[in-house]
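Worksheet for the structure shown next.
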Amino acid sequence: MTSITVVVDNQPGLEGLTPEWGLALWIEHQDQAILYDTGMGPALLPNLAALGLDPARLAAVVISHGHLDHMGGLGPLLQARGGEPLPVWCHVGTFEAHYKQEADGSLKDIGPPLGGRAPYEDLGAHFKFVDVYAHPWPGVHLLAPIPRVVSHEEPAPGLVTLLGPAVVPDPVTEDLVVVIQSGSGPLVLTACAHAGPANILEHVRQVMAAPVAWLIGGLHLDTATPLHRQNSLAYLVNRQGLRLAVGHCTGPRSQAALAQALGARLTPLSLGLRLEF
């Protein structure tokens, strides 16, 4: 059996859990416990404790990308483990510059809160970098970067990086997805789908040579360009047999549109939700 528990999300759920902007998913697969992302930071450890999930059991952490709301809890998690070494899987681009451009043109750093790799390594992180594909555990695959072949899926407006002295749109090239083989078919976990849901699902279909059964995580659609949002929603709705469990940055407009079109094929993510496959 495979289970996925929502530990951090901005949507309230079970009583006693603290919502915050971000995402963290606890994966149980073939007796392995894996944490996909760590949220903004403050909610991770209290929510783990409230759910009865022991950080000492973790075989590894997987980081989807280098934004604060997905990597902020990594430092506190490592500290809670007392410096015990912990594999952390990600793409090397996680530590590149990530900014949000404010309305006045100023840049807000939204990258890893401790900066580069060294402070995390000092706390016990043992980084393992994914280059295209990794298969670290039976039935679990990590893919990064995702080829950007669907023309309408573009970098999110307002997210920028630096190219020398120039401020340019940030494609978040390190965007990493987890693919879990289950009895239901391939489960695809994406934190924000910065590569675009169509790009992600097409790439997974080619790599796994099987249609995806579930897409789980955040889709970052309400803040996408109108063309990106419209076409990505249409793509998801038209994928016969695909089920979605989405929340975090998907956005209320997009979530409502998916709910209307998909009905029972959509499960909203919320704190404490446990999915079993």
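Residues are named by chain letter and number: chains run A, B, ... in the order of the structure tokens, numbers start at 1 in each chain, and ligands are numbered from 1 in the order shown.
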From the DSSP assignment of the backbone, select every residue of region 8-254 of chain A that is strand (DSSP E or B), and format the answer as a PDB file with C-alpha atoms, in the first residue's frame.
```pdb
ATOM      1  CA  VAL A   8       1.590  21.346   5.364  1.00  0.00           C
ATOM      2  CA  ALA A  24       4.719  19.153   2.608  1.00  0.00           C
ATOM      3  CA  LEU A  25       3.582  15.616   1.830  1.00  0.00           C
ATOM      4  CA  TRP A  26       4.506  12.542   3.907  1.00  0.00           C
ATOM      5  CA  ILE A  27       4.821   9.470   1.677  1.00  0.00           C
ATOM      6  CA  GLU A  28       4.684   5.884   2.921  1.00  0.00           C
ATOM      7  CA  HIS A  29       5.675   3.393   0.227  1.00  0.00           C
ATOM      8  CA  GLN A  32       9.834   3.719   3.363  1.00  0.00           C
ATOM      9  CA  ALA A  33       8.874   7.111   4.792  1.00  0.00           C
ATOM     10  CA  ILE A  34       9.752  10.046   2.521  1.00  0.00           C
ATOM     11  CA  LEU A  35       8.924  13.735   2.955  1.00  0.00           C
ATOM     12  CA  TYR A  36       8.232  15.688  -0.225  1.00  0.00           C
ATOM     13  CA  LEU A  58      12.416   9.408   7.425  1.00  0.00           C
ATOM     14  CA  ALA A  59      14.514   7.629   4.839  1.00  0.00           C
ATOM     15  CA  ALA A  60      14.937  10.917   2.956  1.00  0.00           C
ATOM     16  CA  VAL A  61      13.544  14.319   2.066  1.00  0.00           C
ATOM     17  CA  VAL A  62      12.799  15.254  -1.549  1.00  0.00           C
ATOM     18  CA  LEU A  86      19.588  12.644   6.179  1.00  0.00           C
ATOM     19  CA  PRO A  87      19.602  12.228   2.393  1.00  0.00           C
ATOM     20  CA  VAL A  88      18.022  15.219   0.655  1.00  0.00           C
ATOM     21  CA  TRP A  89      17.206  14.688  -3.004  1.00  0.00           C
ATOM     22  CA  CYS A  90      16.809  17.700  -5.321  1.00  0.00           C
ATOM     23  CA  TYR A  99      13.059  36.229  -6.410  1.00  0.00           C
ATOM     24  CA  LYS A 100       9.577  37.662  -6.485  1.00  0.00           C
ATOM     25  CA  GLN A 101       9.380  41.024  -8.252  1.00  0.00           C
ATOM     26  CA  LEU A 107      13.111  42.050  -5.598  1.00  0.00           C
ATOM     27  CA  LYS A 108      12.138  39.864  -2.653  1.00  0.00           C
ATOM     28  CA  ASP A 109      14.368  36.850  -2.062  1.00  0.00           C
ATOM     29  CA  ALA A 125      21.755  17.168   5.044  1.00  0.00           C
ATOM     30  CA  HIS A 126      23.425  14.812   2.590  1.00  0.00           C
ATOM     31  CA  PHE A 127      22.449  16.246  -0.788  1.00  0.00           C
ATOM     32  CA  LYS A 128      21.875  13.898  -3.700  1.00  0.00           C
ATOM     33  CA  PHE A 129      21.296  15.721  -6.960  1.00  0.00           C
ATOM     34  CA  VAL A 132      17.219  13.980 -15.456  1.00  0.00           C
ATOM     35  CA  TYR A 133      16.233  10.764 -13.641  1.00  0.00           C
ATOM     36  CA  ALA A 134      16.797   8.893 -10.376  1.00  0.00           C
ATOM     37  CA  HIS A 135      15.304   5.696  -8.969  1.00  0.00           C
ATOM     38  CA  PRO A 136      16.381   5.804  -5.308  1.00  0.00           C
ATOM     39  CA  TRP A 137      13.786   3.385  -3.892  1.00  0.00           C
ATOM     40  CA  VAL A 140       9.774   5.611  -6.629  1.00  0.00           C
ATOM     41  CA  HIS A 141      11.217   7.737  -9.435  1.00  0.00           C
ATOM     42  CA  LEU A 142      12.464  11.340  -9.401  1.00  0.00           C
ATOM     43  CA  LEU A 143      12.419  13.434 -12.582  1.00  0.00           C
ATOM     44  CA  ALA A 144      14.161  16.789 -13.002  1.00  0.00           C
ATOM     45  CA  LEU A 159       8.865  35.180 -10.425  1.00  0.00           C
ATOM     46  CA  VAL A 160      12.321  36.199 -11.591  1.00  0.00           C
ATOM     47  CA  THR A 161      15.969  35.246 -11.402  1.00  0.00           C
ATOM     48  CA  LEU A 162      19.239  36.883 -12.331  1.00  0.00           C
ATOM     49  CA  LEU A 163      21.148  36.382 -15.572  1.00  0.00           C
ATOM     50  CA  ALA A 166      19.724  41.296 -15.814  1.00  0.00           C
ATOM     51  CA  VAL A 167      16.464  40.407 -14.092  1.00  0.00           C
ATOM     52  CA  VAL A 168      14.699  37.752 -16.189  1.00  0.00           C
ATOM     53  CA  PRO A 169      11.647  35.480 -15.798  1.00  0.00           C
ATOM     54  CA  VAL A 177       8.382  15.596  -9.631  1.00  0.00           C
ATOM     55  CA  VAL A 178       8.006  12.302  -7.791  1.00  0.00           C
ATOM     56  CA  VAL A 179       6.469   9.340  -9.594  1.00  0.00           C
ATOM     57  CA  ILE A 180       5.261   6.416  -7.487  1.00  0.00           C
ATOM     58  CA  GLN A 181       4.251   3.116  -9.003  1.00  0.00           C
ATOM     59  CA  SER A 182       1.049   1.929  -7.349  1.00  0.00           C
ATOM     60  CA  GLY A 185      -1.087   3.244 -11.825  1.00  0.00           C
ATOM     61  CA  PRO A 186       1.603   5.943 -11.708  1.00  0.00           C
ATOM     62  CA  LEU A 187       1.042   8.642  -9.084  1.00  0.00           C
ATOM     63  CA  VAL A 188       2.663  11.981  -9.967  1.00  0.00           C
ATOM     64  CA  LEU A 189       3.482  14.395  -7.154  1.00  0.00           C
ATOM     65  CA  THR A 190       4.224  17.987  -8.089  1.00  0.00           C
ATOM     66  CA  TRP A 214      -3.206  10.598 -10.286  1.00  0.00           C
ATOM     67  CA  LEU A 215      -1.719  14.099 -10.278  1.00  0.00           C
ATOM     68  CA  ILE A 216      -1.197  15.295  -6.698  1.00  0.00           C
ATOM     69  CA  GLY A 217       0.000  18.675  -5.381  1.00  0.00           C
ATOM     70  CA  GLY A 218      -0.120  22.318  -6.445  1.00  0.00           C
ATOM     71  CA  ARG A 243      -7.682  11.883 -11.185  1.00  0.00           C
ATOM     72  CA  LEU A 244      -6.423  14.973  -9.369  1.00  0.00           C
ATOM     73  CA  ALA A 245      -5.772  15.798  -5.723  1.00  0.00           C
ATOM     74  CA  VAL A 246      -4.740  19.443  -5.760  1.00  0.00           C
ATOM     75  CA  GLY A 247      -4.373  22.383  -3.432  1.00  0.00           C
TER      76      GLY A 247
END
```
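Contact shell of Gly66 (chain A) at 10 Å (only C-alpha atoms; same-chain neighbours under 5 positions omitted): Asp37, Met71, Gly72, Cys90, His91, Val92, Gly93, Thr94, Phe95, Glu96, Ala97, His98, Ile110, Gly111, Pro112, Pro113, Gly115, Val172, Glu174 and Asp175 of chain A.
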Written selection (C-alpha atoms) as a compact mmCIF listing (two decimals), in the first residue's frame:
```txt
# COMPACT_ATOMS: atom_id res chain seq x y z
CA ASP A 37 8.92 19.35 0.59
CA MET A 71 12.19 24.46 1.61
CA GLY A 72 11.66 26.61 4.70
CA CYS A 90 16.81 17.70 -5.32
CA HIS A 91 18.09 19.22 -8.53
CA VAL A 92 21.24 21.34 -8.31
CA GLY A 93 19.28 24.37 -9.54
CA THR A 94 17.48 24.46 -6.18
CA PHE A 95 20.23 26.77 -4.93
CA GLU A 96 20.09 29.24 -7.80
CA ALA A 97 18.69 32.75 -7.26
CA HIS A 98 14.91 32.93 -6.84
CA ILE A 110 12.17 33.72 -1.96
CA GLY A 111 15.01 31.20 -2.18
CA PRO A 112 16.30 28.75 0.46
CA PRO A 113 16.23 30.59 3.81
CA GLY A 115 21.20 30.36 1.47
CA VAL A 172 12.36 27.28 -12.09
CA GLU A 174 14.94 22.57 -11.12
CA ASP A 175 11.24 21.69 -10.81
```
Response to the item:
For Ala198 (chain A), the closest of A:Leu123, A:Val150, A:Leu176, A:Leu227 counting only C-alpha atoms is A:Val150
Worksheet entry | Which residue of A:Val212, A:Met1, A:Leu17, A:Leu77 approaches Leu51 (chain A) most closely, using only C-alpha atoms | A:Leu17
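Of the residues in region 54-130 of chain A, those given helix (DSSP H, G or I) by DSSP on the backbone are A:Pro55, A:Ala56, A:Arg57, A:Leu68, A:Asp69, A:His70, A:Met71, A:Leu74, A:Gly75, A:Pro76, A:Leu77, A:Leu78, A:Gln79, A:Ala80, A:Val92, A:Gly93, A:Thr94, A:Phe95, A:Arg117, A:Ala118, A:Pro119, A:Tyr120, A:Glu121, A:Asp122.
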Output C-alpha atoms for every residue in that selection, as a PDB file, in the first residue's frame.
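That gives us part.pdb:
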```pdb
ATOM      1  CA  PRO A  55      10.930  12.616  11.679  1.00  0.00           C
ATOM      2  CA  ALA A  56      13.380   9.959  12.884  1.00  0.00           C
ATOM      3  CA  ARG A  57      11.628   7.467  10.569  1.00  0.00           C
ATOM      4  CA  LEU A  68      10.967  29.330   0.594  1.00  0.00           C
ATOM      5  CA  ASP A  69       7.475  27.885   0.959  1.00  0.00           C
ATOM      6  CA  HIS A  70       8.756  24.435   0.013  1.00  0.00           C
ATOM      7  CA  MET A  71      12.195  24.463   1.611  1.00  0.00           C
ATOM      8  CA  LEU A  74      14.228  21.770   6.053  1.00  0.00           C
ATOM      9  CA  GLY A  75      16.505  23.527   8.553  1.00  0.00           C
ATOM     10  CA  PRO A  76      14.165  22.998  11.549  1.00  0.00           C
ATOM     11  CA  LEU A  77      13.618  19.378  10.497  1.00  0.00           C
ATOM     12  CA  LEU A  78      17.346  18.699  10.405  1.00  0.00           C
ATOM     13  CA  GLN A  79      17.796  20.398  13.762  1.00  0.00           C
ATOM     14  CA  ALA A  80      15.010  18.289  15.272  1.00  0.00           C
ATOM     15  CA  VAL A  92      21.241  21.342  -8.315  1.00  0.00           C
ATOM     16  CA  GLY A  93      19.276  24.373  -9.535  1.00  0.00           C
ATOM     17  CA  THR A  94      17.482  24.457  -6.179  1.00  0.00           C
ATOM     18  CA  PHE A  95      20.226  26.770  -4.930  1.00  0.00           C
ATOM     19  CA  ARG A 117      24.156  24.113   0.598  1.00  0.00           C
ATOM     20  CA  ALA A 118      26.712  24.422   3.382  1.00  0.00           C
ATOM     21  CA  PRO A 119      24.411  25.488   6.268  1.00  0.00           C
ATOM     22  CA  TYR A 120      22.098  22.566   5.543  1.00  0.00           C
ATOM     23  CA  GLU A 121      25.009  20.157   5.297  1.00  0.00           C
ATOM     24  CA  ASP A 122      26.244  21.405   8.671  1.00  0.00           C
TER      25      ASP A 122
END
```
Worksheet item: What lies within 8 Å of Leu44 (chain A) using only C-alpha atoms, ignoring chain neighbours under 3 positions off, as a ChimeraX atom specification?
Response: /A:7-8,24,38-41,47-48,73,77
Practice prompt. Can you work out which one of A:Leu262, A:Ala256, A:Ala193, A:Leu271 has the shortest atom-to-atom distance to Glu154 (chain A), counting only C-alpha atoms?
Written response: A:Ala193
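Remark: for Ala191 (chain A), the closest of the candidate residues A:Thr223, A:Gly22, A:Pro12, A:Arg239 is A:Gly22 (distances computed over only C-alpha atoms).
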Pro211 (chain A): which residues within 9 Å, counting only C-alpha atoms, same-chain residues fewer than 5 positions away excluded, as an mmCIF file with N, CA and C atoms, in the first residue's frame?
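Dumped to out24.cif:
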```
data_model
loop_
_atom_site.group_PDB
_atom_site.id
_atom_site.type_symbol
_atom_site.label_atom_id
_atom_site.label_comp_id
_atom_site.auth_asym_id
_atom_site.auth_seq_id
_atom_site.Cartn_x
_atom_site.Cartn_y
_atom_site.Cartn_z
ATOM 1 N N GLY A 185 -1.830 2.656 -10.721
ATOM 2 C CA GLY A 185 -1.087 3.244 -11.825
ATOM 3 C C GLY A 185 -0.132 4.287 -11.294
ATOM 4 N N PRO A 186 0.634 4.943 -12.168
ATOM 5 C CA PRO A 186 1.603 5.943 -11.708
ATOM 6 C C PRO A 186 0.932 7.126 -11.003
ATOM 7 N N LEU A 201 3.000 15.893 -17.222
ATOM 8 C CA LEU A 201 2.312 14.638 -17.502
ATOM 9 C C LEU A 201 2.778 14.012 -18.819
ATOM 10 N N VAL A 204 6.181 12.396 -17.971
ATOM 11 C CA VAL A 204 6.018 11.176 -17.180
ATOM 12 C C VAL A 204 5.469 10.048 -18.042
ATOM 13 N N ARG A 205 4.512 10.346 -18.907
ATOM 14 C CA ARG A 205 3.943 9.324 -19.788
ATOM 15 C C ARG A 205 5.022 8.700 -20.661
ATOM 16 N N GLN A 206 5.940 9.520 -21.154
ATOM 17 C CA GLN A 206 7.004 8.996 -22.003
ATOM 18 C C GLN A 206 7.997 8.162 -21.195
ATOM 19 N N GLY A 241 -9.610 9.399 -17.431
ATOM 20 C CA GLY A 241 -9.050 8.469 -16.452
ATOM 21 C C GLY A 241 -8.123 9.114 -15.446
ATOM 22 N N LEU A 242 -7.672 10.337 -15.709
ATOM 23 C CA LEU A 242 -6.782 11.022 -14.771
ATOM 24 C C LEU A 242 -7.589 11.557 -13.594
#
```
Discussion item. Applying 9 Å and only C-alpha atoms, which residues near Leu233 (chain A) remain after dropping the ones on its own chain fewer than 3 positions away? List them as an MDAnalysis selection string.
Written reply: chainID A and resid 197 221 228:230 236:238 254 257:258
Selected residues, C-alpha atoms, written as a compact mmCIF listing (two decimals), in the first residue's frame, please.
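Contents of result28.txt, as written:
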```txt
# COMPACT_ATOMS: atom_id res chain seq x y z
CA PRO A 197 1.03 20.30 -15.75
CA LEU A 221 -2.57 28.19 -12.28
CA HIS A 228 -1.38 29.04 -19.81
CA ARG A 229 -4.26 28.70 -17.35
CA GLN A 230 -6.97 28.13 -19.95
CA LEU A 236 -6.29 18.24 -17.49
CA VAL A 237 -10.04 17.98 -18.00
CA ASN A 238 -9.58 16.10 -21.28
CA SER A 254 -8.74 27.03 -11.11
CA ALA A 257 -13.16 25.15 -12.57
CA LEU A 258 -11.61 21.71 -12.07
```
Practice prompt. Choose the residue, out of A:Pro165, A:Pro138, A:Gly272, A:Pro46, that has the smallest atom-to-atom separation from Ile4 (chain A); count only C-alpha atoms.
Written response: A:Gly272
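Between CA of Asp54 (chain A) and CA of Gly83 (chain A) there is a distance of 15.2 Å.
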